[in-house]
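Below is input12.txt, which holds compact mmCIF, C-alpha atoms and all ligand atoms.
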```
# COMPACT_ATOMS: atom_id res chain seq x y z
CA MET A 3 7.80 -22.29 15.65
CA ILE A 4 7.81 -18.65 14.64
CA ASP A 5 10.53 -16.96 16.72
CA ASP A 6 11.27 -13.27 17.20
CA GLU A 7 13.73 -13.30 14.32
CA THR A 8 11.28 -14.63 11.71
CA PRO A 9 9.66 -11.91 9.60
CA VAL A 10 6.13 -12.79 8.44
CA LEU A 11 4.84 -10.70 5.52
CA ASP A 12 1.35 -10.63 4.02
CA ASN A 13 2.09 -9.34 0.52
CA HIS A 14 -1.44 -8.19 -0.37
CA LEU A 15 -4.33 -7.22 1.81
CA HIS A 16 -6.70 -4.28 2.22
CA LEU A 17 -7.56 -2.36 5.35
CA ASP A 18 -10.82 -0.50 5.64
CA PRO A 19 -9.86 3.11 6.31
CA ASP A 20 -13.37 4.08 7.41
CA ASN A 21 -13.57 2.21 10.67
CA HIS A 22 -11.45 0.24 13.11
CA ARG A 23 -12.11 -3.13 11.53
CA GLY A 24 -8.93 -2.44 9.59
CA ILE A 25 -6.75 -1.99 12.67
CA ASP A 26 -8.40 -4.94 14.43
CA ALA A 27 -7.29 -7.09 11.50
CA VAL A 28 -3.72 -5.83 11.95
CA ARG A 29 -3.85 -6.71 15.66
CA ASP A 30 -5.06 -10.23 14.82
CA PHE A 31 -2.23 -10.59 12.30
CA ALA A 32 0.41 -9.35 14.76
CA HIS A 33 -0.93 -11.49 17.61
CA LYS A 34 -0.35 -14.64 15.54
CA GLY A 35 3.24 -13.61 14.70
CA GLY A 36 2.72 -11.46 11.60
CA THR A 37 5.29 -8.66 11.33
CA HIS A 38 5.02 -6.89 7.95
CA LEU A 39 2.18 -5.93 5.60
CA LEU A 40 1.81 -4.60 2.09
CA VAL A 41 -1.51 -2.77 2.15
CA VAL A 42 -3.15 -2.18 -1.22
CA ASN A 43 -5.68 0.61 -1.60
CA LYS A 44 -9.25 -0.60 -1.93
CA PRO A 45 -10.93 -0.10 -5.32
CA SER A 46 -11.78 3.61 -5.54
CA TRP A 47 -15.55 3.08 -5.94
CA HIS A 48 -15.64 0.98 -2.76
CA LEU A 49 -14.61 4.14 -0.94
CA GLY A 50 -17.34 6.15 -2.66
CA VAL A 51 -14.95 7.84 -5.09
CA GLU A 52 -16.23 8.04 -8.67
CA ALA A 53 -13.10 9.47 -10.25
CA GLU A 54 -13.44 11.98 -13.09
CA THR A 55 -9.73 12.85 -13.23
CA GLY A 56 -6.49 11.33 -12.02
CA GLU A 57 -6.46 13.84 -9.17
CA ASP A 58 -9.65 12.27 -7.79
CA PHE A 59 -7.67 9.16 -6.80
CA ARG A 60 -5.62 11.21 -4.34
CA ASP A 61 -8.24 10.88 -1.61
CA VAL A 62 -8.15 7.06 -1.93
CA PHE A 63 -4.36 7.01 -1.80
CA GLU A 64 -4.08 9.37 1.16
CA ARG A 65 -6.62 7.44 3.22
CA THR A 66 -4.60 4.29 2.52
CA ILE A 67 -1.33 5.96 3.55
CA GLU A 68 -2.97 7.09 6.81
CA ILE A 69 -4.20 3.64 7.78
CA VAL A 70 -0.82 2.14 6.86
CA ALA A 71 0.84 4.50 9.34
CA ALA A 72 -1.64 3.36 12.00
CA ALA A 73 -0.99 -0.28 11.07
CA SER A 74 2.77 0.17 11.44
CA GLU A 75 2.21 1.22 15.06
CA GLU A 76 0.73 -2.22 15.76
CA LEU A 77 3.50 -4.26 14.14
CA GLU A 78 6.91 -5.51 15.27
CA GLY A 79 8.00 -4.73 11.74
CA ARG A 80 6.05 -2.28 9.60
CA ALA A 81 3.50 -1.84 6.82
CA TRP A 82 3.93 -0.22 3.41
CA PRO A 83 1.31 1.14 0.99
CA VAL A 84 0.89 -0.20 -2.54
CA LEU A 85 -1.11 2.26 -4.63
CA GLY A 86 -2.82 2.07 -7.98
CA VAL A 87 -6.01 1.66 -9.94
CA HIS A 88 -8.05 -1.53 -9.71
CA PRO A 89 -8.42 -3.01 -13.21
CA GLY A 90 -12.13 -3.69 -12.59
CA LEU A 91 -12.67 0.06 -12.76
CA VAL A 92 -12.62 -0.16 -16.55
CA SER A 93 -15.92 -2.05 -16.56
CA ARG A 94 -17.52 0.33 -14.12
CA LEU A 95 -16.50 3.25 -16.35
CA VAL A 96 -17.54 1.66 -19.65
CA ASP A 97 -20.64 -0.28 -18.58
CA ASP A 98 -22.10 2.03 -15.93
CA ARG A 99 -20.73 5.50 -16.52
CA GLY A 100 -20.78 5.84 -20.30
CA PHE A 101 -17.02 6.10 -20.87
CA GLY A 102 -15.55 4.87 -24.13
CA PRO A 103 -12.70 2.39 -23.67
CA GLU A 104 -10.11 5.01 -24.65
CA GLU A 105 -11.51 7.57 -22.20
CA ALA A 106 -11.43 4.92 -19.49
CA ARG A 107 -7.83 4.13 -20.40
CA ASP A 108 -6.85 7.81 -20.15
CA LEU A 109 -8.47 8.23 -16.73
CA MET A 110 -6.92 5.05 -15.34
CA GLN A 111 -3.48 5.97 -16.70
CA ALA A 112 -3.85 9.37 -15.03
CA GLY A 113 -4.62 7.54 -11.77
CA ILE A 114 -1.46 5.47 -12.19
CA ASP A 115 0.53 8.66 -12.75
CA VAL A 116 -0.79 10.09 -9.48
CA ALA A 117 0.02 6.85 -7.63
CA ALA A 118 3.55 7.08 -9.07
CA GLU A 119 3.93 10.54 -7.48
CA TYR A 120 3.50 8.95 -4.05
CA VAL A 121 6.13 6.33 -4.85
CA GLU A 122 8.48 9.04 -6.06
CA ALA A 123 7.95 10.99 -2.82
CA GLY A 124 8.73 7.87 -0.76
CA ASP A 125 5.17 7.64 0.59
CA ALA A 126 4.33 4.37 -1.18
CA LEU A 127 6.40 1.29 -1.95
CA ALA A 128 4.97 0.00 -5.24
CA LEU A 129 2.26 0.40 -7.88
CA LYS A 130 -0.85 -1.71 -8.45
CA SER A 131 -2.32 -2.33 -11.90
CA GLY A 132 -3.44 -5.20 -14.11
CA ARG A 133 -6.39 -6.21 -16.27
CA PRO A 134 -9.82 -7.76 -15.70
CA HIS A 135 -9.95 -11.37 -14.47
CA TYR A 136 -13.17 -11.89 -16.50
CA ASP A 137 -13.94 -11.73 -20.22
CA VAL A 138 -14.33 -8.27 -21.75
CA GLU A 139 -14.68 -6.95 -25.28
CA ASP A 140 -11.49 -6.46 -27.27
CA ALA A 141 -11.43 -2.68 -26.98
CA VAL A 142 -11.70 -2.90 -23.18
CA TRP A 143 -8.97 -5.54 -23.09
CA ASP A 144 -6.70 -3.33 -25.20
CA ALA A 145 -7.40 -0.34 -22.96
CA SER A 146 -6.59 -2.43 -19.88
CA ASN A 147 -3.32 -3.65 -21.33
CA ALA A 148 -2.39 -0.06 -22.14
CA VAL A 149 -3.02 0.95 -18.52
CA MET A 150 -0.86 -1.92 -17.29
CA ARG A 151 1.92 -0.94 -19.67
CA ARG A 152 1.77 2.64 -18.35
CA ALA A 153 2.28 1.23 -14.86
CA PHE A 154 5.34 -0.67 -16.11
CA GLU A 155 6.77 2.51 -17.65
CA ARG A 156 6.30 4.51 -14.48
CA ALA A 157 7.71 1.71 -12.32
CA ALA A 158 10.74 1.42 -14.59
CA ASP A 159 11.40 5.17 -14.15
CA LEU A 160 10.99 4.90 -10.39
CA GLU A 161 12.71 1.52 -10.02
CA CYS A 162 9.75 0.17 -8.04
CA ALA A 163 7.66 -2.97 -8.31
CA VAL A 164 4.18 -3.45 -9.79
CA GLN A 165 1.56 -5.74 -8.29
CA LEU A 166 -0.83 -7.09 -10.91
CA HIS A 167 -4.42 -8.21 -10.67
CA THR A 168 -5.07 -10.41 -13.76
CA GLU A 169 -6.98 -13.38 -15.04
CA ALA A 170 -6.12 -16.73 -13.42
CA SER A 171 -3.09 -18.10 -15.25
CA GLU A 172 0.08 -20.12 -14.79
CA ASP A 173 1.77 -18.40 -17.73
CA LEU A 174 2.03 -14.62 -17.94
CA THR A 175 5.30 -14.64 -19.85
CA GLU A 176 3.96 -12.16 -22.40
CA VAL A 177 3.11 -9.68 -19.64
CA ALA A 178 6.60 -10.07 -18.13
CA GLU A 179 8.02 -9.33 -21.58
CA TRP A 180 5.96 -6.13 -21.80
CA ALA A 181 7.46 -5.07 -18.47
CA GLU A 182 10.96 -5.74 -19.78
CA GLU A 183 10.23 -3.79 -22.96
CA ALA A 184 9.34 -0.86 -20.69
CA GLY A 185 12.64 -1.26 -18.84
CA LEU A 186 11.21 -3.00 -15.76
CA PRO A 187 12.87 -6.32 -14.83
CA ARG A 188 10.39 -9.19 -14.58
CA HIS A 189 11.38 -9.84 -10.96
CA ASN A 190 9.78 -6.47 -10.13
CA VAL A 191 6.40 -7.69 -11.40
CA VAL A 192 4.17 -9.65 -9.00
CA LYS A 193 0.94 -11.43 -9.83
CA HIS A 194 -1.32 -11.15 -6.84
CA TYR A 195 -3.87 -13.94 -6.16
CA ALA A 196 -1.57 -16.53 -7.76
CA GLY A 197 -1.45 -20.29 -7.48
CA GLY A 198 1.70 -22.17 -6.56
CA ARG A 199 3.43 -21.93 -9.93
CA LEU A 200 3.68 -19.16 -12.51
CA ALA A 201 5.85 -18.41 -15.54
CA GLY A 202 6.77 -14.74 -16.02
CA PRO A 203 6.07 -12.57 -12.96
CA ILE A 204 6.70 -13.52 -9.33
CA PRO A 205 3.66 -15.30 -7.85
CA SER A 206 2.05 -13.90 -4.70
CA VAL A 207 0.48 -17.16 -3.61
CA MET A 208 -2.94 -17.29 -1.96
CA CYS A 209 -2.46 -19.09 1.35
CA GLU A 210 -4.09 -22.40 0.52
CA LYS A 211 -2.04 -25.39 1.62
CA ASP A 212 -1.83 -27.09 -1.79
CA ALA A 213 -0.64 -23.94 -3.53
CA LEU A 214 1.91 -23.22 -0.80
CA GLU A 215 3.27 -26.74 -0.96
CA THR A 216 3.66 -26.41 -4.73
CA ALA A 217 5.47 -23.08 -4.35
CA ALA A 218 7.67 -24.39 -1.54
CA GLU A 219 8.72 -27.48 -3.49
CA ARG A 220 9.29 -25.50 -6.69
CA GLY A 221 11.90 -23.40 -4.89
CA GLU A 222 11.49 -20.31 -7.12
CA PRO A 223 10.89 -16.85 -5.62
CA PHE A 224 7.35 -16.42 -4.25
CA LEU A 225 5.36 -14.34 -1.78
CA MET A 226 2.36 -15.16 0.42
CA GLU A 227 -0.92 -13.25 0.72
CA THR A 228 -4.50 -13.35 1.93
CA ASP A 229 -6.19 -10.62 -0.16
CA TYR A 230 -8.13 -9.91 3.04
CA ILE A 231 -11.24 -7.74 2.38
CA ASP A 232 -11.12 -7.56 -1.37
CA ASP A 233 -14.03 -7.30 -3.77
CA PRO A 234 -17.43 -8.01 -2.25
CA ASP A 235 -18.28 -9.63 -5.61
CA ARG A 236 -15.94 -12.49 -4.76
CA PRO A 237 -17.35 -13.52 -1.37
CA GLY A 238 -15.46 -16.25 0.38
CA ALA A 239 -12.53 -15.89 -1.98
CA VAL A 240 -10.46 -14.09 0.60
CA LEU A 241 -8.70 -15.40 3.68
CA GLY A 242 -8.65 -13.88 7.16
CA PRO A 243 -5.80 -11.72 8.46
CA LYS A 244 -4.38 -14.51 10.68
CA THR A 245 -3.83 -16.85 7.74
CA VAL A 246 -0.28 -15.93 6.68
CA PRO A 247 1.23 -16.41 10.17
CA ARG A 248 -0.73 -19.64 10.59
CA ARG A 249 0.53 -20.97 7.26
CA VAL A 250 4.10 -19.93 8.07
CA ARG A 251 3.86 -21.97 11.26
CA TRP A 252 2.49 -24.91 9.24
CA LEU A 253 5.31 -24.63 6.67
CA LEU A 254 7.92 -24.60 9.45
CA GLU A 255 6.32 -27.63 11.10
CA ASN A 256 6.56 -29.44 7.77
CA GLY A 257 10.25 -28.79 7.17
CA HIS A 258 9.87 -25.88 4.75
CA GLU A 259 12.27 -23.47 6.53
CA SER A 260 13.90 -22.42 3.25
CA ALA A 261 10.51 -21.66 1.67
CA VAL A 262 9.64 -19.43 4.62
CA ARG A 263 12.93 -17.57 4.20
CA ASN A 264 12.24 -17.36 0.44
CA ALA A 265 8.77 -15.81 0.83
CA HIS A 266 9.43 -13.53 3.80
CA VAL A 267 13.05 -12.39 3.43
CA GLU A 268 14.63 -13.15 0.04
CA THR A 269 11.73 -12.47 -2.34
CA PRO A 270 10.64 -9.24 -0.59
CA GLU A 271 14.25 -8.02 -0.97
CA LEU A 272 14.39 -9.15 -4.62
CA VAL A 273 11.04 -7.61 -5.64
CA TYR A 274 10.72 -4.49 -3.50
CA GLY A 275 14.23 -3.94 -2.10
CA ILE A 276 12.84 -4.12 1.45
CA ASP A 277 14.73 -5.59 4.39
CA THR A 278 12.18 -7.48 6.48
CA GLU A 279 14.81 -8.66 8.97
CA GLY A 280 16.41 -5.24 9.41
CA THR A 281 13.00 -3.64 10.02
CA LEU A 282 12.02 -6.07 12.79
ZN ZN B 301 -6.84 -7.33 -3.32
```
Would you put the structure from the file into C-alpha cells?
Amino acid sequence: MIDDETPVLDNHLHLDPDNHRGIDAVRDFAHKGGTHLLVVNKPSWHLGVEAETGEDFRDVFERTIEIVAAASEELEGRAWPVLGVHPGLVSRLVDDRGFGPEEARDLMQAGIDVAAEYVEAGDALALKSGRPHYDVEDAVWDASNAVMRRAFERAADLECAVQLHTEASEDLTEVAEWAEEAGLPRHNVVKHYAGGRLAGPIPSVMCEKDALETAAERGEPFLMETDYIDDPDRPGAVLGPKTVPRRVRWLLENGHESAVRNAHVETPELVYGIDTEGTL
C-alpha cells in the first residue's frame, strides 16, 4: 500500500494553463496517492506562441510557473517547473516558417538561455531540450544537437538537470558524453519517454508494466512518468494522470519496494537534488 510516508513523483507531465483541466488532473493524481510533479512547459506553438526571439518564450514559461504554483496547492508534496524548448519546434520553424536550420538553432538556443534565467532565479528546477524523435535532414539534425549542447552548457553553469526528448533508443551514451564534455555529469541528464533500460542518461520510464518491471529488476537509477497531455500528433501515446500512483501501488504489491524508493526518493535526489520525503 502507499502510506503517508511514500512520495510518489510523476517526472514528466504537462498541465494545460488555459483551463482547469490541468488542475483537475492534479487532483486526480493526488487522490490516488501522488505527491510530487515535475511539470514541463507545453510546446510553445501549442499555446499559440510563434516565437521570433528568445524573449517570446517568456510567456510560455511564466504561464507554466503559474499553473505549477496552483498545482502545489493541491499536493501533499509539491510541483516544480521544468522549462525549455521542445525539439519539434525546429521542424515547425524550418518546414512551415521559412527559417534556415542555423536561424532555427539560434532562436531555440536563445529560448534555452531564457529558460536558464528562470532556473538561475530559483523559479524553475531544470531545463528541457533534446532532438527530434523522427528523421530529419542532416542540417536540421546538426542544429538540434547544437541546441541540446547549449542546454548542457547552461545546466553545467547552473548545476541543474536537463530533461531530453529524443529518438527512441536504449543507448544514448554519445549524448551523455556531450553533457560531460560541457561539464554536466551524466546523472543530471534524463531521457524522458524512456523504456526500462538505457545506457548513458537516466531513464524516465513510461509507466507501462513491462518497462517498469525491466527497470525495477535492473536496479539502476530510474524515474517514472506519464507524459500526460503531450503532443496531439501522438494520440494515445500518453497515460492518464492517475497512472504513476497506480503503478507504484502495483510495484509495491509485487515486492518492488526498493524500486519504488529508487524512482521516488533516491533518483530524484541524485538527478535534481530534491528531497521528496522532506517536502511531504
Ligand atoms: Zn512531454
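Taking only C-alpha atoms and all ligand atoms into account, every polymer residue with at least one atom at most 8 Å away from ligand ZN 301 (chain B) is listed here: His14, Leu15, His16, Val42, Lys44, His167, His194, Tyr195, Asp229, Tyr230, Ile231, Asp232 and Asp233 of chain A.
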Please report, as a Markdown table, each residue of stretch 73-188 of chain A lying at most 12 Å from stretch 206-223 of chain A, together with the nearest pair of atoms and the separation in Å rounded to one decimal; use only C-alpha atoms, and order rows by chain and ascending residue number.
```
| residue | atom | partner | partner_atom | distance |
| --- | --- | --- | --- | --- |
| A:Val164 | CA | A:Ser206 | CA | 11.8 |
| A:Gln165 | CA | A:Ser206 | CA | 8.9 |
| A:Leu166 | CA | A:Ser206 | CA | 9.7 |
| A:His167 | CA | A:Ser206 | CA | 10.5 |
| A:Ala170 | CA | A:Val207 | CA | 11.8 |
| A:Glu172 | CA | A:Val207 | CA | 11.6 |
| A:Arg188 | CA | A:Pro223 | CA | 11.8 |
```
Go ahead and save the picked residues with C-alpha atoms, as a PDB file, keeping the file's coordinate frame.
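The resulting file, out-v8.pdb, is reproduced below:
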```
ATOM      1  CA  VAL A 164       4.180  -3.450  -9.790  1.00  0.00           C
ATOM      2  CA  GLN A 165       1.560  -5.740  -8.290  1.00  0.00           C
ATOM      3  CA  LEU A 166      -0.830  -7.090 -10.910  1.00  0.00           C
ATOM      4  CA  HIS A 167      -4.420  -8.210 -10.670  1.00  0.00           C
ATOM      5  CA  ALA A 170      -6.120 -16.730 -13.420  1.00  0.00           C
ATOM      6  CA  GLU A 172       0.080 -20.120 -14.790  1.00  0.00           C
ATOM      7  CA  ARG A 188      10.390  -9.190 -14.580  1.00  0.00           C
TER       8      ARG A 188
END
```
(request) Quick one: pull the distance between atom CA of A:Ala81 and atom CA of A:Val191, Å, one decimal. (result) 19.4 Å
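Across the model, the gap from atom CA of A:Gly113 to atom CA of A:His88 is 9.9 Å.
Here the question is which of A:Gly35, A:Gly90, A:Pro187, A:Pro9 gets nearest to A:Trp47 using only C-alpha atoms, and that residue is A:Gly90.
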(message) When you look at stretch 176-185 of chain A with a cut-off of 6 Å (counting all atoms listed in the file), what residues show up, excluding the ones that are within fewer than 3 positions of it in the same chain? I need them as a list in words.
(response) Phe154, Glu155, Ala158, Arg188, Gly202 and Pro203 of chain A
